[in-house]
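Novice: Let me begin by handing over the structure; questions about it come next.
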Amino acid sequence: MAVLIGTQGWNYAAWVGPFYPPGTRASEFLPTYARAFRAVEVDSTFYAVPDARAVRAWAERTPPEFTFALKMPKEVTHERRLRDADDLVRDFLGRARQLGPKLGPILLQMGPDFAPEELPAIEQFVTSLPRDLRFALELRQSRWMRPDVRPRLLEVLARHGIALALSDGRWIRRETMLELAERATADFLYVRWMGPDREITDYSRVQFDRSEEIRAWAEALKRAVHTKEIYGFFNNHFAGHSPASAREMQRLLGQQPVDPEMLRGQRSLF
């Protein structure tokens, strides 16, 4: 089972010093990040279909085994609410495919107002998705976990091989998400550690001790024995500095994290 742990994004000036070597320029962030982690979730694609040159640059500036997880544009998920979006989805996936083998799962992040009454829209939408790509669906309303809703939701996703994104945030109870880690609807898991709120504005250091939560997740992921791959991405709002949270998860899963000091030692490569 491949376990790829990383962060949500890489373009943070506050990481220069605690993670990126001092003096690292913004143009150097991605290749430096890729020496520490094997995967990243790209947030910018949520706001617009990416420029083809930008996508090719991402691929060119990362090693062969690196993986990009992309967020579906919000025009599809939030504005069109998965309806009448074939043209935009086709354009977006065309750009995404330019990553070649570096393209990982595509995240459908639904808004908090997307309710169980719209399950038919999910079912119709996922039916049209290409089978050679992987998709994960994030839902941000606790009503999706009701006993009269959840079984049907999981059945629809499993029928089409779509992962239910497991988010540690303020929307659905952590205990429920941990339980669902052992009930995968696809051959991979997609986990997002979001944090309880948006009060954190300093991304240079860990400000909240989330060790207990990370340990609980690590144990749950170890039990996901029937999963081929696990993708997990930390947000800065989870504890304050997502690279540190990601390294802690790597250690608990038996991986060897890359110490930021090692990146400083490679500064001469730029």
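In the structure tokens, the first chain shown is A, the next is B, and so on; residue numbers restart at 1 for each chain, and ligands run from 1 in the order shown.
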Please list as a ChimeraX atom specification every residue within 8 Å of Phe234 in chain A, counting only C-alpha atoms and excluding residues in the same chain fewer than 4 positions away.

Specialist: /A:6-8,192-194,238,242-243,245-246

Novice: For the residues selected in the previous step, produce a file with C-alpha atoms as a CSV table (one decimal), in the first residue's frame.

Specialist:
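Printed below is again_35.csv as written:
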chain,number,residue,atom,x,y,z
A,6,GLY,CA,1.7,16.1,2.1
A,7,THR,CA,0.1,19.5,2.5
A,8,GLN,CA,-2.6,21.6,0.9
A,192,ARG,CA,-7.9,16.1,4.5
A,193,TRP,CA,-6.8,17.5,7.8
A,194,MET,CA,-8.5,20.9,7.8
A,238,PHE,CA,-5.0,22.2,11.4
A,242,SER,CA,1.2,22.0,7.9
A,243,PRO,CA,4.7,20.6,7.0
A,245,SER,CA,2.0,18.1,10.9
A,246,ALA,CA,2.7,16.1,7.8

Novice: Could you give me, as a list in words, each residue of range 165-203 of chain A that DSSP assigns to strand (DSSP E) when run on this structure's backbone?

Specialist: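 These are the residues in question: Leu166, Ser167, Asp168, Phe188, Leu189, Tyr190, Val191, Arg192 and Trp193 of chain A.
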
Novice: Could you dump the residues just selected with all heavy atoms as a compact mmCIF listing (two decimals), in the first residue's frame?

Specialist:
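The new file out_8.txt reads:
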# COMPACT_ATOMS: atom_id res chain seq x y z
N LEU A 166 -12.31 12.02 3.47
CA LEU A 166 -12.44 12.03 4.92
C LEU A 166 -11.80 13.29 5.45
O LEU A 166 -10.58 13.45 5.40
CB LEU A 166 -11.78 10.78 5.52
CG LEU A 166 -12.22 9.45 4.89
CD1 LEU A 166 -11.46 8.29 5.51
CD2 LEU A 166 -13.73 9.24 5.04
N SER A 167 -12.61 14.20 5.96
CA SER A 167 -12.11 15.51 6.39
C SER A 167 -12.19 15.66 7.90
O SER A 167 -13.25 15.43 8.50
CB SER A 167 -12.92 16.64 5.74
OG SER A 167 -12.70 16.66 4.34
N ASP A 168 -11.07 16.02 8.49
CA ASP A 168 -11.04 16.34 9.92
C ASP A 168 -11.20 17.85 10.04
O ASP A 168 -10.23 18.61 9.96
CB ASP A 168 -9.71 15.88 10.53
CG ASP A 168 -9.72 15.93 12.05
OD1 ASP A 168 -10.15 16.98 12.59
OD2 ASP A 168 -9.30 14.96 12.68
N PHE A 188 -8.74 3.58 -3.01
CA PHE A 188 -7.82 4.49 -2.36
C PHE A 188 -8.58 5.30 -1.32
O PHE A 188 -9.81 5.44 -1.39
CB PHE A 188 -7.13 5.42 -3.37
CG PHE A 188 -8.05 6.44 -4.00
CD1 PHE A 188 -8.13 7.74 -3.50
CD2 PHE A 188 -8.85 6.11 -5.09
CE1 PHE A 188 -8.97 8.68 -4.06
CE2 PHE A 188 -9.70 7.04 -5.66
CZ PHE A 188 -9.77 8.33 -5.15
N LEU A 189 -7.85 5.85 -0.36
CA LEU A 189 -8.41 6.77 0.62
C LEU A 189 -7.89 8.17 0.35
O LEU A 189 -6.74 8.33 -0.08
CB LEU A 189 -8.03 6.37 2.05
CG LEU A 189 -8.71 5.16 2.67
CD1 LEU A 189 -8.20 4.97 4.11
CD2 LEU A 189 -10.22 5.29 2.68
N TYR A 190 -8.72 9.15 0.63
CA TYR A 190 -8.33 10.54 0.47
C TYR A 190 -8.71 11.25 1.76
O TYR A 190 -9.88 11.33 2.12
CB TYR A 190 -9.07 11.18 -0.72
CG TYR A 190 -8.48 12.49 -1.19
CD1 TYR A 190 -7.68 12.52 -2.32
CD2 TYR A 190 -8.74 13.68 -0.53
CE1 TYR A 190 -7.14 13.72 -2.78
CE2 TYR A 190 -8.20 14.87 -0.97
CZ TYR A 190 -7.41 14.89 -2.10
OH TYR A 190 -6.87 16.08 -2.53
N VAL A 191 -7.69 11.76 2.48
CA VAL A 191 -7.91 12.35 3.79
C VAL A 191 -7.44 13.80 3.78
O VAL A 191 -6.38 14.13 3.22
CB VAL A 191 -7.15 11.58 4.89
CG1 VAL A 191 -7.56 12.09 6.27
CG2 VAL A 191 -7.41 10.08 4.77
N ARG A 192 -8.23 14.67 4.42
CA ARG A 192 -7.91 16.10 4.50
C ARG A 192 -7.99 16.54 5.96
O ARG A 192 -9.05 16.46 6.57
CB ARG A 192 -8.86 16.93 3.64
CG ARG A 192 -8.99 16.45 2.21
CD ARG A 192 -9.89 17.38 1.41
NE ARG A 192 -9.18 18.60 1.03
CZ ARG A 192 -9.71 19.81 1.03
NH1 ARG A 192 -10.95 20.00 1.45
NH2 ARG A 192 -9.00 20.86 0.65
N TRP A 193 -6.87 17.01 6.48
CA TRP A 193 -6.84 17.51 7.84
C TRP A 193 -6.96 19.03 7.79
O TRP A 193 -6.00 19.74 7.50
CB TRP A 193 -5.55 17.07 8.53
CG TRP A 193 -5.52 15.58 8.74
CD1 TRP A 193 -6.19 14.89 9.71
CD2 TRP A 193 -4.81 14.60 7.97
NE1 TRP A 193 -5.93 13.54 9.60
CE2 TRP A 193 -5.09 13.33 8.53
CE3 TRP A 193 -3.97 14.66 6.86
CZ2 TRP A 193 -4.56 12.15 8.03
CZ3 TRP A 193 -3.44 13.49 6.35
CH2 TRP A 193 -3.73 12.25 6.94

Novice: Quick one: everything within 9 Å of Gln124 in chain A, counting only C-alpha atoms, minus sequence neighbours fewer than 4 positions away in the same chain. Send it as a PyMOL selection string.

Specialist: chain A and resi 82-83+119-120+128

Novice: Do you know which residues are at most 12 Å from Asp84 in chain A counting only C-alpha atoms, after dropping those on the same chain fewer than 5 positions away, and could you put them as a list in words?

Specialist: Glu75, Val76, Thr77, Glu79, Val89, Arg90, Ala121, Gln124, Phe125 and Ser128 of chain A

Novice: Take the residues from that selection and write them out as a short mmCIF file (atom, residue, chain, number, x, y, z; two decimals), in the first residue's frame, keeping all heavy atoms.

Specialist:
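In the end it all went to selection-v2.cif:
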data_model
loop_
_atom_site.label_atom_id
_atom_site.label_comp_id
_atom_site.auth_asym_id
_atom_site.auth_seq_id
_atom_site.Cartn_x
_atom_site.Cartn_y
_atom_site.Cartn_z
N GLU A 75 -16.67 26.51 -9.93
CA GLU A 75 -17.80 26.74 -10.82
C GLU A 75 -18.59 25.45 -11.02
O GLU A 75 -19.81 25.48 -11.19
CB GLU A 75 -17.32 27.29 -12.17
CG GLU A 75 -18.48 27.62 -13.11
CD GLU A 75 -18.06 28.27 -14.41
OE1 GLU A 75 -16.88 28.69 -14.52
OE2 GLU A 75 -18.91 28.37 -15.32
N VAL A 76 -17.88 24.32 -10.99
CA VAL A 76 -18.55 23.02 -11.13
C VAL A 76 -19.25 22.63 -9.83
O VAL A 76 -20.41 22.22 -9.83
CB VAL A 76 -17.54 21.93 -11.52
CG1 VAL A 76 -18.21 20.54 -11.54
CG2 VAL A 76 -16.92 22.24 -12.88
N THR A 77 -18.54 22.76 -8.70
CA THR A 77 -19.05 22.25 -7.44
C THR A 77 -19.98 23.21 -6.71
O THR A 77 -21.00 22.81 -6.16
CB THR A 77 -17.87 21.89 -6.51
OG1 THR A 77 -17.04 23.05 -6.32
CG2 THR A 77 -17.04 20.77 -7.12
N GLU A 79 -21.04 26.61 -7.96
CA GLU A 79 -21.93 27.45 -8.76
C GLU A 79 -22.92 26.61 -9.58
O GLU A 79 -24.12 26.84 -9.53
CB GLU A 79 -21.10 28.36 -9.66
CG GLU A 79 -20.21 29.33 -8.86
CD GLU A 79 -19.25 30.11 -9.74
OE1 GLU A 79 -19.50 30.21 -10.96
OE2 GLU A 79 -18.23 30.61 -9.22
N VAL A 89 -16.02 20.64 -17.10
CA VAL A 89 -15.30 19.46 -16.62
C VAL A 89 -14.37 18.93 -17.70
O VAL A 89 -13.22 18.57 -17.43
CB VAL A 89 -16.29 18.36 -16.18
CG1 VAL A 89 -15.56 17.05 -15.89
CG2 VAL A 89 -17.07 18.81 -14.95
N ARG A 90 -14.83 18.91 -18.92
CA ARG A 90 -14.01 18.43 -20.03
C ARG A 90 -12.77 19.31 -20.20
O ARG A 90 -11.65 18.81 -20.37
CB ARG A 90 -14.83 18.42 -21.32
CG ARG A 90 -14.08 17.87 -22.53
CD ARG A 90 -15.01 17.65 -23.71
NE ARG A 90 -15.80 18.85 -24.01
CZ ARG A 90 -17.12 18.97 -23.78
NH1 ARG A 90 -17.78 17.97 -23.21
NH2 ARG A 90 -17.74 20.08 -24.09
N ALA A 121 -28.04 14.62 -7.99
CA ALA A 121 -27.06 15.35 -8.80
C ALA A 121 -25.70 14.67 -8.73
O ALA A 121 -24.97 14.61 -9.74
CB ALA A 121 -26.95 16.79 -8.32
N GLN A 124 -25.88 11.44 -10.96
CA GLN A 124 -25.82 11.73 -12.39
C GLN A 124 -24.44 12.21 -12.79
O GLN A 124 -23.92 11.84 -13.85
CB GLN A 124 -26.87 12.79 -12.74
CG GLN A 124 -26.92 13.11 -14.23
CD GLN A 124 -28.06 14.05 -14.58
OE1 GLN A 124 -28.82 14.47 -13.72
NE2 GLN A 124 -28.19 14.37 -15.86
N PHE A 125 -23.81 13.03 -11.95
CA PHE A 125 -22.50 13.59 -12.28
C PHE A 125 -21.44 12.50 -12.33
O PHE A 125 -20.65 12.44 -13.29
CB PHE A 125 -22.12 14.64 -11.24
CG PHE A 125 -20.81 15.34 -11.53
CD1 PHE A 125 -20.73 16.38 -12.43
CD2 PHE A 125 -19.65 14.93 -10.87
CE1 PHE A 125 -19.51 17.00 -12.69
CE2 PHE A 125 -18.44 15.56 -11.12
CZ PHE A 125 -18.37 16.60 -12.04
N SER A 128 -20.93 10.25 -15.39
CA SER A 128 -20.31 10.77 -16.61
C SER A 128 -18.79 10.93 -16.50
O SER A 128 -18.14 11.29 -17.48
CB SER A 128 -20.93 12.13 -16.95
OG SER A 128 -20.60 13.10 -15.96
#

Novice: Could you pull the residues within 12 Å of Thr176 in chain A, counting only C-alpha atoms, minus those fewer than 3 positions along the same chain, as a VMD selection string?

Specialist: chain A and resid 142 144 to 147 150 166 to 169 171 to 173 179 to 183 217 220

Novice: Export, as a compact mmCIF listing (two decimals), in the first residue's frame, the selected residues with C-alpha atoms.

Specialist:
# COMPACT_ATOMS: atom_id res chain seq x y z
CA SER A 142 -23.45 16.46 8.84
CA TRP A 144 -25.06 13.27 4.93
CA MET A 145 -24.15 10.93 7.78
CA ARG A 146 -27.73 10.31 8.92
CA PRO A 147 -28.74 6.61 9.00
CA ARG A 150 -25.32 7.52 4.45
CA LEU A 166 -12.44 12.03 4.92
CA SER A 167 -12.11 15.51 6.39
CA ASP A 168 -11.04 16.34 9.92
CA GLY A 169 -12.75 19.69 10.26
CA TRP A 171 -18.45 19.74 9.57
CA ILE A 172 -18.67 16.03 10.42
CA ARG A 173 -17.56 14.36 13.65
CA GLU A 179 -14.93 4.85 11.15
CA LEU A 180 -15.33 5.45 7.42
CA ALA A 181 -11.59 4.96 6.88
CA GLU A 182 -12.31 1.23 7.15
CA ARG A 183 -15.27 1.42 4.75
CA TRP A 217 -5.77 9.00 12.35
CA ALA A 220 -7.13 4.28 11.51

Novice: Going by DSSP on the backbone, which residues of range 26-230 of chain A come out as helix (DSSP H, G or I)? List them as a compact mmCIF listing (two decimals) with C-alpha atoms, in the first residue's frame.

Specialist:
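And here's result29.txt as it stands now:
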# COMPACT_ATOMS: atom_id res chain seq x y z
CA ALA A 26 8.89 31.77 -4.57
CA SER A 27 9.93 30.19 -7.87
CA GLU A 28 11.91 27.64 -5.86
CA PHE A 29 9.12 26.64 -3.47
CA LEU A 30 7.70 23.74 -5.49
CA PRO A 31 10.95 21.92 -6.33
CA THR A 32 12.07 22.37 -2.73
CA TYR A 33 8.76 21.05 -1.43
CA SER A 44 -5.53 27.14 -7.04
CA THR A 45 -7.48 24.94 -9.47
CA PHE A 46 -10.53 25.45 -7.24
CA ALA A 52 -1.73 24.82 -19.66
CA ARG A 53 1.76 26.29 -19.31
CA ALA A 54 1.41 26.37 -15.53
CA VAL A 55 0.40 22.72 -15.42
CA ARG A 56 3.35 21.70 -17.59
CA ALA A 57 5.67 23.75 -15.36
CA TRP A 58 4.43 21.88 -12.28
CA ALA A 59 5.31 18.59 -13.94
CA GLU A 60 8.70 19.81 -15.16
CA LYS A 74 -15.72 25.78 -7.80
CA GLU A 75 -17.80 26.74 -10.82
CA VAL A 76 -18.55 23.02 -11.13
CA THR A 77 -19.05 22.25 -7.44
CA HIS A 78 -20.39 25.46 -5.93
CA GLU A 79 -21.93 27.45 -8.76
CA ASP A 86 -19.88 18.82 -18.90
CA ASP A 87 -18.10 21.50 -20.91
CA LEU A 88 -16.16 22.92 -17.97
CA VAL A 89 -15.30 19.46 -16.62
CA ARG A 90 -14.01 18.43 -20.03
CA ASP A 91 -11.79 21.53 -20.26
CA PHE A 92 -10.48 21.07 -16.73
CA LEU A 93 -9.69 17.39 -17.14
CA GLY A 94 -7.96 18.13 -20.43
CA ARG A 95 -5.59 20.47 -18.61
CA ALA A 96 -5.18 18.08 -15.69
CA ARG A 97 -4.16 15.25 -17.99
CA GLN A 98 -1.11 17.25 -19.04
CA LEU A 99 0.43 16.15 -15.76
CA GLY A 100 0.59 12.64 -17.21
CA PRO A 101 1.51 10.00 -14.62
CA LYS A 102 1.88 12.72 -11.98
CA PRO A 116 -28.61 15.25 0.92
CA GLU A 117 -31.57 16.31 -1.22
CA GLU A 118 -29.01 16.79 -3.99
CA LEU A 119 -27.79 13.19 -4.00
CA PRO A 120 -29.39 12.65 -7.45
CA ALA A 121 -27.06 15.35 -8.80
CA ILE A 122 -24.08 13.42 -7.43
CA GLU A 123 -25.28 10.19 -8.98
CA GLN A 124 -25.82 11.73 -12.39
CA PHE A 125 -22.50 13.59 -12.28
CA VAL A 126 -20.27 10.66 -11.28
CA THR A 127 -21.84 8.49 -13.98
CA SER A 142 -23.45 16.46 8.84
CA ARG A 143 -26.86 15.43 7.49
CA TRP A 144 -25.06 13.27 4.93
CA MET A 145 -24.15 10.93 7.78
CA ARG A 150 -25.32 7.52 4.45
CA PRO A 151 -25.92 3.96 3.14
CA ARG A 152 -27.30 5.25 -0.16
CA LEU A 153 -24.49 7.78 -0.50
CA LEU A 154 -21.82 5.13 0.08
CA GLU A 155 -23.53 2.76 -2.34
CA VAL A 156 -23.55 5.37 -5.11
CA LEU A 157 -19.88 6.20 -4.57
CA ALA A 158 -18.80 2.56 -4.36
CA ARG A 159 -20.69 1.69 -7.54
CA HIS A 160 -18.61 4.23 -9.43
CA ARG A 174 -14.03 12.98 13.64
CA GLU A 175 -15.26 9.67 15.05
CA THR A 176 -17.47 9.21 12.00
CA MET A 177 -14.62 9.98 9.62
CA LEU A 178 -12.31 7.56 11.44
CA GLU A 179 -14.93 4.85 11.15
CA LEU A 180 -15.33 5.45 7.42
CA SER A 211 -0.81 14.98 18.48
CA GLU A 212 -3.77 13.05 19.86
CA GLU A 213 -5.80 13.58 16.70
CA ILE A 214 -2.86 12.64 14.46
CA ARG A 215 -2.26 9.45 16.45
CA ALA A 216 -5.93 8.48 16.10
CA TRP A 217 -5.77 9.00 12.35
CA ALA A 218 -2.50 7.07 12.04
CA GLU A 219 -4.07 4.06 13.75
CA ALA A 220 -7.13 4.28 11.51
CA LEU A 221 -4.99 4.44 8.37
CA LYS A 222 -2.96 1.42 9.50

Novice: Would you mind telling me which residue in A:Arg80, A:Arg25, A:Arg140, A:Lys71 lies nearest to Val49 in chain A when using only C-alpha atoms?

Specialist: A:Lys71

Novice: Just how far from CA of Glu41 in chain A is CA of Gly104 in chain A, in Å to one decimal?

Specialist: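 Calculated distance between CA of Gly104 in chain A and CA of Glu41 in chain A is 9.1 Å.
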
Novice: Could you name the residues that touch Tyr20 in chain A at 8 Å or less, counting only C-alpha atoms, but leaving out those on the same chain fewer than 2 positions away, as a list in words?

Specialist: Trp15, Val16, Gly17, Pro18, Pro22, Thr24, Phe29, Thr32, Tyr33, Pro260, Leu263 and Arg264 of chain A

Novice: Let me see the file: selected residues, N, CA and C atoms, as a CSV table (one decimal), in the first residue's frame.

Specialist:
chain,number,residue,atom,x,y,z
A,15,TRP,N,6.6,29.9,5.3
A,15,TRP,CA,7.4,28.6,5.4
A,15,TRP,C,8.9,28.8,5.2
A,16,VAL,N,9.3,30.0,4.7
A,16,VAL,CA,10.7,30.3,4.5
A,16,VAL,C,11.3,30.5,5.9
A,17,GLY,N,12.3,29.7,6.2
A,17,GLY,CA,12.9,29.7,7.5
A,17,GLY,C,12.6,28.4,8.2
A,18,PRO,N,11.3,28.2,8.7
A,18,PRO,CA,11.0,27.0,9.4
A,18,PRO,C,11.0,25.7,8.5
A,22,PRO,N,16.3,29.5,4.3
A,22,PRO,CA,16.3,31.0,4.3
A,22,PRO,C,16.8,31.5,2.9
A,24,THR,N,15.0,31.2,0.2
A,24,THR,CA,14.3,30.5,-0.9
A,24,THR,C,13.3,31.5,-1.6
A,29,PHE,N,9.9,27.3,-4.5
A,29,PHE,CA,9.1,26.6,-3.5
A,29,PHE,C,8.8,25.2,-3.9
A,32,THR,N,11.6,22.6,-4.1
A,32,THR,CA,12.1,22.4,-2.7
A,32,THR,C,11.1,21.5,-2.0
A,33,TYR,N,9.8,21.8,-2.1
A,33,TYR,CA,8.8,21.0,-1.4
A,33,TYR,C,8.9,19.6,-1.9
A,260,PRO,N,13.9,19.6,7.7
A,260,PRO,CA,14.1,20.8,7.0
A,260,PRO,C,15.6,21.1,6.9
A,263,LEU,N,17.1,20.1,3.7
A,263,LEU,CA,16.8,21.0,2.6
A,263,LEU,C,17.8,22.2,2.6
A,264,ARG,N,18.1,22.6,3.8
A,264,ARG,CA,19.1,23.7,3.9
A,264,ARG,C,20.4,23.2,3.4

Novice: Rounded to one decimal place, report the CA of Thr201 in chain A-CA of Ala165 in chain A distance in Å.

Specialist: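 The value is 25.1 Å.
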